[in-house]
$ cat work.txt   # compact mmCIF, C-alpha atoms
# COMPACT_ATOMS: atom_id res chain seq x y z
CA MET A 569 133.45 107.53 97.77
CA THR A 570 131.09 107.95 100.69
CA ASN A 571 128.89 105.74 102.89
CA CYS A 572 125.15 105.13 102.76
CA PRO A 573 123.54 107.07 105.65
CA ARG A 574 121.34 104.07 106.48
CA CYS A 575 123.36 100.86 106.07
CA GLY A 576 126.89 102.28 105.91
CA GLN A 577 127.65 100.56 102.61
CA PRO A 578 130.50 102.29 100.66
CA ILE A 579 129.06 103.97 97.57
CA SER A 580 130.04 106.53 94.99
CA ALA A 581 129.42 110.16 95.95
CA HIS A 582 127.21 110.51 92.84
CA THR A 583 125.01 107.49 93.60
CA GLN A 584 121.34 108.34 94.18
CA LEU A 585 120.05 104.97 95.40
CA CYS A 586 122.02 102.64 97.68
CA PRO A 587 122.41 99.28 95.88
CA ALA A 588 122.43 97.43 99.22
CA CYS A 589 119.39 98.78 101.10
CA HIS A 590 117.69 100.75 98.25
CA THR A 591 117.54 103.91 100.34
CA LEU A 592 117.62 107.33 98.70
CA VAL A 593 121.15 108.45 99.64
CA HIS A 594 120.31 112.15 99.85
CA GLY A 595 116.77 111.58 101.14
CA GLU A 596 116.77 114.34 103.77
CA GLN A 597 118.15 116.90 101.32
CA TYR A 598 115.58 115.79 98.74
CA GLU A 599 112.67 116.24 101.16
CA ARG A 600 113.90 119.74 102.11
CA ILE A 601 114.12 120.81 98.47
CA VAL A 602 110.68 119.37 97.67
CA ALA A 603 109.16 121.17 100.67
CA ALA A 604 110.66 124.43 99.37
CA ALA A 605 109.31 123.73 95.87
CA GLU A 606 105.81 123.12 97.19
CA LYS A 607 105.98 126.34 99.19
CA LEU A 608 106.97 128.28 96.06
CA GLU A 609 104.00 126.77 94.22
CA ARG A 610 101.66 127.89 96.98
CA GLN A 611 103.14 131.37 96.62
CA SER A 612 102.27 131.32 92.88
CA ARG A 613 105.93 131.34 91.83
CA PRO A 614 105.90 128.51 89.28
CA HIS A 615 109.26 129.23 87.63
CA ALA A 616 111.12 129.37 90.93
CA ALA A 617 109.32 126.18 91.97
CA ARG A 618 110.36 124.55 88.70
CA GLU A 619 114.02 125.29 89.42
CA ALA A 620 113.64 123.69 92.86
CA TRP A 621 112.00 120.58 91.38
CA LEU A 622 114.81 120.27 88.82
CA GLN A 623 117.33 120.53 91.65
CA ALA A 624 115.49 117.74 93.49
CA LEU A 625 115.51 115.69 90.28
CA THR A 626 119.31 115.41 90.42
CA LEU A 627 118.97 113.46 93.69
CA LEU A 628 116.66 110.80 92.20
CA PRO A 629 117.54 107.72 90.10
CA PRO A 630 117.05 108.99 86.52
CA ASP A 631 114.96 106.00 85.40
CA SER A 632 112.67 105.91 88.45
CA GLU A 633 108.94 106.58 88.30
CA HIS A 634 109.38 109.40 90.80
CA ALA A 635 111.97 111.07 88.56
CA GLN A 636 109.63 110.75 85.59
CA TRP A 637 106.83 112.41 87.55
CA THR A 638 109.17 115.21 88.66
CA ARG A 639 110.26 115.95 85.08
CA GLN A 640 106.63 116.02 83.93
CA HIS A 641 105.65 118.33 86.79
CA ALA A 642 108.55 120.67 86.01
CA ASP A 643 107.41 120.82 82.37
CA GLU A 644 103.89 121.73 83.52
CA LEU A 645 105.23 124.53 85.70
CA SER A 646 107.21 125.95 82.78
CA LEU A 647 103.91 126.58 80.94
CA LEU A 648 102.58 128.85 83.70
CA PRO A 649 103.12 132.64 83.58
CA ALA A 650 106.24 133.78 85.38
CA ASP A 651 104.58 136.89 86.82
CA ALA A 652 101.70 135.07 88.55
CA GLN A 653 102.55 136.68 91.88
CA THR A 654 102.77 140.13 90.31
CA SER A 655 99.50 139.53 88.49
CA LYS A 656 97.82 138.53 91.73
CA GLU A 657 99.03 141.67 93.48
CA ARG A 658 97.83 143.82 90.56
CA TRP A 659 94.35 142.32 90.73
CA ALA A 660 94.31 142.84 94.49
CA LYS A 661 94.93 146.54 93.98
CA ARG A 662 92.20 146.79 91.35
CA LEU A 663 89.61 145.02 93.51
CA GLY A 664 90.41 147.12 96.57
CA PRO A 665 88.22 146.11 99.54
CA LEU A 666 86.83 143.15 97.58
CA ALA A 667 90.29 141.59 97.30
CA PRO A 668 89.94 139.36 100.43
CA LEU A 669 86.64 137.97 99.10
CA ALA A 670 88.23 137.24 95.72
CA ALA A 671 91.13 135.50 97.43
CA LEU A 672 88.69 133.37 99.44
CA LEU A 673 86.82 132.37 96.27
CA ALA A 674 90.11 131.51 94.58
CA LYS A 675 91.05 129.25 97.48
CA ALA A 676 87.62 127.62 97.33
CA LYS A 677 88.17 126.91 93.65
CA SER A 678 91.54 125.35 94.43
CA LEU A 679 89.88 123.17 97.06
CA VAL A 680 87.36 121.90 94.52
CA VAL A 681 90.22 121.00 92.18
CA LEU A 682 92.01 119.20 95.01
CA LEU A 683 88.96 117.14 95.93
CA LYS A 684 88.92 115.24 92.68
CA LEU A 685 85.76 113.73 91.28
CA LYS A 686 86.80 110.12 91.93
CA PHE A 687 87.34 110.93 95.61
CA LEU A 688 83.87 112.44 95.97
CA LEU A 689 82.07 109.76 93.97
CA SER A 690 83.84 106.86 95.66
CA LEU A 691 83.20 108.36 99.11
CA ALA A 692 79.50 108.84 98.28
CA ALA A 693 79.23 105.21 97.11
CA PHE A 694 81.08 104.06 100.23
CA VAL A 695 78.67 105.93 102.52
CA ALA A 696 75.64 104.66 100.59
CA VAL A 697 76.68 101.00 100.91
CA TYR A 698 77.25 101.08 104.65
CA TRP A 699 74.17 103.27 105.19
CA ALA A 700 72.15 100.50 103.54
CA ILE A 701 73.80 97.78 105.66
CA TRP A 702 73.84 99.37 109.13
CA GLY A 703 71.58 102.39 108.86
CA PRO A 704 72.45 106.10 108.61
CA LYS A 705 74.10 106.68 111.98
CA PHE A 706 76.54 103.79 112.15
CA GLY A 707 76.96 103.66 108.35
CA VAL A 708 78.01 107.32 108.06
CA GLY A 709 80.13 107.07 111.22
CA PHE A 710 81.94 104.01 109.85
CA ALA A 711 82.67 105.79 106.55
CA VAL A 712 84.01 108.83 108.40
CA LEU A 713 86.34 106.60 110.45
CA ILE A 714 87.76 105.09 107.26
CA LEU A 715 88.16 108.60 105.81
CA ILE A 716 90.09 109.73 108.90
CA HIS A 717 92.39 106.72 108.60
CA GLU A 718 93.15 107.44 104.94
CA MET A 719 93.62 111.16 105.56
CA GLY A 720 96.27 110.20 108.12
CA HIS A 721 98.27 108.68 105.28
CA PHE A 722 97.53 111.57 102.91
CA ILE A 723 98.51 114.31 105.35
CA ASP A 724 101.72 112.56 106.35
CA VAL A 725 102.75 112.18 102.70
CA LYS A 726 101.95 115.81 101.86
CA ARG A 727 103.76 117.23 104.88
CA ARG A 728 106.90 115.51 103.62
CA GLY A 729 106.57 117.35 100.32
CA LEU A 730 105.80 114.19 98.36
CA PRO A 731 103.09 113.86 95.69
CA ALA A 732 99.87 112.09 96.72
CA GLU A 733 96.29 111.80 95.53
CA MET A 734 93.16 112.08 97.63
CA PRO A 735 91.81 108.77 98.97
CA VAL A 736 89.77 106.44 96.77
CA PHE A 737 87.11 104.29 98.48
CA LEU A 738 86.14 100.76 97.48
CA PRO A 739 82.89 99.63 99.16
CA GLY A 740 83.34 96.24 100.78
CA LEU A 741 87.13 96.38 100.43
CA GLY A 742 88.31 99.59 102.09
CA ALA A 743 90.22 102.56 100.70
CA TYR A 744 93.70 103.60 99.63
CA VAL A 745 95.87 106.67 99.06
CA LYS A 746 98.04 106.61 95.94
CA TRP A 747 101.46 108.22 96.38
CA ARG A 748 104.86 107.92 94.74
CA ALA A 749 107.34 106.27 97.08
CA MET A 750 110.19 105.67 94.62
CA GLY A 751 113.50 106.68 96.18
CA VAL A 752 111.97 107.15 99.63
CA SER A 753 113.69 105.46 102.58
CA THR A 754 112.08 102.47 104.27
CA ALA A 755 111.78 104.54 107.46
CA THR A 756 109.70 107.17 105.62
CA ARG A 757 107.52 104.48 104.04
CA ALA A 758 107.00 102.92 107.45
CA ALA A 759 106.08 106.26 109.02
CA VAL A 760 103.55 106.96 106.26
CA SER A 761 102.06 103.47 106.69
CA LEU A 762 101.69 103.95 110.44
CA ALA A 763 100.15 107.42 110.08
CA GLY A 764 96.82 105.91 109.01
CA PRO A 765 96.41 103.67 112.08
CA LEU A 766 97.58 106.58 114.25
CA ALA A 767 94.79 108.79 112.87
CA GLY A 768 92.37 105.88 113.31
CA TRP A 769 93.42 105.44 116.93
CA ILE A 770 92.86 109.16 117.60
CA ALA A 771 89.38 108.86 116.07
CA SER A 772 88.61 105.83 118.25
CA VAL A 773 89.71 107.70 121.38
CA VAL A 774 87.41 110.61 120.47
CA CYS A 775 84.50 108.18 120.03
CA LEU A 776 85.40 106.55 123.33
CA ALA A 777 85.38 109.90 125.13
CA ILE A 778 81.97 110.80 123.66
CA TRP A 779 80.60 107.43 124.79
CA TRP A 780 81.88 108.00 128.35
CA LYS A 781 80.33 111.47 128.30
CA THR A 782 76.94 110.62 126.80
CA GLY A 783 76.46 106.91 127.43
CA ASN A 784 75.29 106.53 123.82
CA SER A 785 76.20 103.00 122.69
CA LEU A 786 76.62 104.17 119.08
CA TRP A 787 79.89 105.87 120.04
CA ALA A 788 81.07 102.75 121.86
CA ALA A 789 80.46 100.69 118.72
CA LEU A 790 82.32 103.22 116.56
CA ALA A 791 85.24 103.33 119.01
CA ARG A 792 85.55 99.55 118.99
CA VAL A 793 85.24 99.10 115.25
CA SER A 794 87.82 101.84 114.62
CA ALA A 795 90.31 100.29 117.05
CA TRP A 796 89.75 96.79 115.64
CA LEU A 797 90.11 97.82 111.99
CA ASN A 798 93.29 99.77 112.67
CA ALA A 799 94.70 96.89 114.70
CA ILE A 800 94.01 94.43 111.87
CA ASN A 801 95.73 96.90 109.54
CA LEU A 802 98.88 96.56 111.64
CA VAL A 803 99.19 92.83 110.93
CA PRO A 804 102.57 92.83 109.11
CA VAL A 805 101.56 90.99 105.94
CA TRP A 806 100.55 91.57 102.33
CA ILE A 807 99.16 95.01 101.44
CA LEU A 808 98.16 96.01 104.97
CA ASP A 809 99.81 99.01 106.60
CA GLY A 810 101.80 96.70 108.85
CA GLY A 811 103.23 94.97 105.79
CA SER A 812 104.94 98.20 104.74
CA ALA A 813 105.87 99.32 108.24
CA VAL A 814 107.60 96.07 109.18
CA THR A 815 110.19 96.50 106.41
CA ALA A 816 111.90 99.11 108.62
CA LEU A 817 112.13 96.68 111.56
CA THR A 818 115.14 94.46 112.17
CA ARG A 819 114.63 90.86 113.23
CA VAL A 820 115.16 91.88 116.85
CA HIS A 821 112.42 94.50 116.59
CA ARG A 822 110.16 91.98 114.85
CA MET A 823 110.65 89.69 117.83
CA VAL A 824 109.59 92.58 120.10
CA LEU A 825 106.46 93.06 117.98
CA LEU A 826 105.80 89.31 118.19
CA ALA A 827 106.12 89.40 121.98
CA ALA A 828 103.84 92.42 122.25
CA GLY A 829 101.18 90.73 120.10
CA VAL A 830 101.28 87.54 122.19
CA ALA A 831 101.17 89.51 125.47
CA LEU A 832 98.15 91.54 124.31
CA TRP A 833 96.36 88.41 123.11
CA LEU A 834 96.89 86.64 126.42
CA THR A 835 95.97 89.73 128.46
CA LEU A 836 92.99 91.03 126.50
CA GLY A 837 91.77 87.90 124.72
CA GLU A 838 91.52 89.79 121.43
CA THR A 839 92.29 87.47 118.50
CA VAL A 840 93.47 90.36 116.33
CA PHE A 841 96.68 90.58 118.36
CA LEU A 842 97.36 86.90 117.79
CA LEU A 843 97.25 87.73 114.08
CA VAL A 844 99.75 90.56 114.64
CA ALA A 845 102.02 88.11 116.47
CA ALA A 846 101.63 85.49 113.73
CA GLY A 847 102.50 88.05 111.05
CA ALA A 848 105.57 89.17 112.99
CA ALA A 849 106.65 85.53 113.40
CA PHE A 850 106.32 85.01 109.65
CA ARG A 851 108.39 88.13 108.92
CA LEU A 852 111.23 86.79 111.07
CA PHE A 853 112.02 84.40 108.21
CA THR A 854 111.64 86.76 105.24
CA LYS A 855 114.74 88.30 103.67
CA ASP A 856 113.65 91.93 103.81
CA ALA A 857 114.86 92.78 107.33
CA PRO A 858 117.26 95.78 107.38
CA THR A 859 120.70 95.44 108.95
CA GLU A 860 120.55 98.80 110.72
CA SER A 861 117.99 99.28 113.49
CA ASN A 862 115.44 102.09 113.63
CA PRO A 863 114.29 102.27 117.26
CA MET A 864 111.91 105.19 116.59
CA ILE A 865 109.87 103.27 114.01
CA ALA A 866 109.91 100.13 116.16
CA ALA A 867 108.67 102.08 119.20
CA TYR A 868 106.05 103.84 117.05
CA TYR A 869 104.73 100.50 115.74
CA VAL A 870 104.61 98.66 119.08
CA THR A 871 103.17 101.65 120.98
CA LEU A 872 100.40 102.00 118.40
CA VAL A 873 99.50 98.31 118.76
CA VAL A 874 99.34 98.66 122.54
CA CYS A 875 97.24 101.85 122.40
CA LEU A 876 94.70 100.20 120.11
CA GLY A 877 94.58 97.29 122.55
CA LEU A 878 93.70 99.68 125.37
CA VAL A 879 90.72 101.00 123.39
CA LEU A 880 89.50 97.47 122.66
CA HIS A 881 89.86 96.64 126.34
CA ALA A 882 87.81 99.73 127.27
CA VAL A 883 84.98 98.75 124.89
CA PRO A 884 84.49 94.96 124.99
CA GLY A 885 81.87 93.37 122.78
CA GLN A 886 81.15 92.64 119.13
CA ILE A 887 83.10 94.23 116.31
CA PHE A 888 80.12 95.20 114.13
CA PRO A 889 76.47 95.76 115.06
CA THR A 890 74.13 92.88 114.30
CA SER A 891 71.14 95.07 113.49
CA ARG A 892 70.27 98.57 112.41

$ encode --input "work.txt" --output "structure tokens"
Amino acid sequence: MTNCPRCGQPISAHTQLCPACHTLVHGEQYERIVAAAEKLERQSRPHAAREAWLQALTLLPPDSEHAQWTRQHADELSLLPADAQTSKERWAKRLGPLAPLAALLAKAKSLVVLLKLKFLLSLAAFVAVYWAIWGPKFGVGFAVLILIHEMGHFIDVKRRGLPAEMPVFLPGLGAYVKWRAMGVSTATRAAVSLAGPLAGWIASVVCLAIWWKTGNSLWAALARVSAWLNAINLVPVWILDGGSAVTALTRVHRMVLLAAGVALWLTLGETVFLLVAAGAAFRLFTKDAPTESNPMIAAYYVTLVVCLGLVLHAVPGQIFPTSR
């Protein structure tokens, strides 16, 4: 017997998923092995990577979707030639001085594969819709801000060694990044959820700085709309980013979020923070609050809300332009 690293519940040493808090018991070990497997794949060592993935598989619940994906991926790696690295080195010798150019072209080809067709087509449709509504400058800028937000999620998932797909854009609705979170701790899910608004806040600060430098009101509008959209995403309800992030917050931390939302609403007069406070108040009465606190995630969440409030305070006015 051992104890769950998150809630302390006594569990069997061979248990993969804690029955009390549904946390992956060996989550940190799993993420290390997956990171090593991804590195081996980048080094064109598919068979060694396959062994690492199979090792990671033993730490997952056998019937989980994530385990099913891992088995499928391991089977795909077994079909690749074992001497891929040797073959690459042999071709490098044959090409001589042209080898660096060939390597660059190979990487470009990999990039095209990574940027899947649905990502490119959905992004093009997204840009076209908002171009038509607000004109080329604000329309393209708005689409880029949404892209930055979604890439925040994508990059955070990938750096943890977890599988994720490039963003898909839905004109009029937003965008999403599909990733497999089965067996991942609530803290990791929360961090991934908050990574999008963090990237969006950084983008809004950049727009704010350009506005201060140039005086061009376009950048002020982009800064404000980015801050507002990312703040509304932090409302802890439904499918918004805040809805996933709040699952890592205890009731005490949810009360802190509630207080922060009310304070920002009273100070700045921005209704979006009243919505954050209302969502936090609602989540005080749901049954998904963890028993063990996670101060880092709580501080991350509240700080992000406050930072977005500072941007909105710096750029008062309407959320969206009324004309082109």

$ closest_residue --input "work.txt" --among "A:Ile778, A:Leu713, A:Leu691, A:Gln597" --to "Pro739 of chain A" --atoms "all atoms listed in the file"
A:Leu691

$ closest_atom_pairs --input "work.txt" --of "segment 728-774 of chain A" --to "segment 810-819 of chain A" --cutoff "12 Å" --atoms "all atoms listed in the file" --output "tab-separated table"
residue	atom	partner	partner_atom	distance
A:Ala749	CA	A:Ser812	CA	11.4
A:Ser753	CA	A:Ala816	CA	8.9
A:Thr754	CA	A:Ala816	CA	5.5
A:Ala755	CA	A:Ala816	CA	5.6
A:Thr756	CA	A:Ala816	CA	8.9
A:Arg757	CA	A:Ser812	CA	6.8
A:Ala758	CA	A:Ala813	CA	3.9
A:Ala759	CA	A:Ala813	CA	7.0
A:Val760	CA	A:Ala813	CA	8.2
A:Ser761	CA	A:Ala813	CA	5.8
A:Leu762	CA	A:Ala813	CA	6.6
A:Ala763	CA	A:Ala813	CA	10.1
A:Gly764	CA	A:Gly810	CA	10.5
A:Pro765	CA	A:Gly810	CA	9.4

$ closest_residue --input "work.txt" --among "A:Val697, A:Ala767, A:Ala635, A:Leu876" --to "Leu741 of chain A" --atoms "only C-alpha atoms"
A:Val697

$ atom_distance --input "work.txt" --atom1 "atom CA of Gly768 of chain A" --atom2 "atom CA of His717 of chain A"
4.8 Å

$ atom_distance --input "work.txt" --atom1 "atom CA of Pro630 of chain A" --atom2 "atom CA of Asp643 of chain A"
15.8 Å

$ atom_distance --input "work.txt" --atom1 "atom CA of Ala788 of chain A" --atom2 "atom CA of Val708 of chain A"
14.9 Å

$ residues_around --input "work.txt" --residues "Ala624 of chain A" --least-positions-apart "6" --cutoff "7 Å" --atoms "only C-alpha atoms" --output "number ranges by chain"
A: 598, 601-602

$ closest_residue --input "work.txt" --among "A:Ile701, A:Ala799, A:Ala616, A:Leu832" --to "Leu645 of chain A" --atoms "only C-alpha atoms"
A:Ala616

$ axis_aligned_box --input "work.txt" --around "segment 871-880 of chain A" --padding-each-side "8 Å" --output "AutoDock Vina command-line options"
--center_x 96.3 --center_y 99.6 --center_z 121.9 --size_x 29.7 --size_y 20.7 --size_z 23.0

$ closest_residue --input "work.txt" --among "A:Ala848, A:Leu685, A:Leu842, A:Ala605" --to "Gly729 of chain A" --atoms "only C-alpha atoms"
A:Ala605
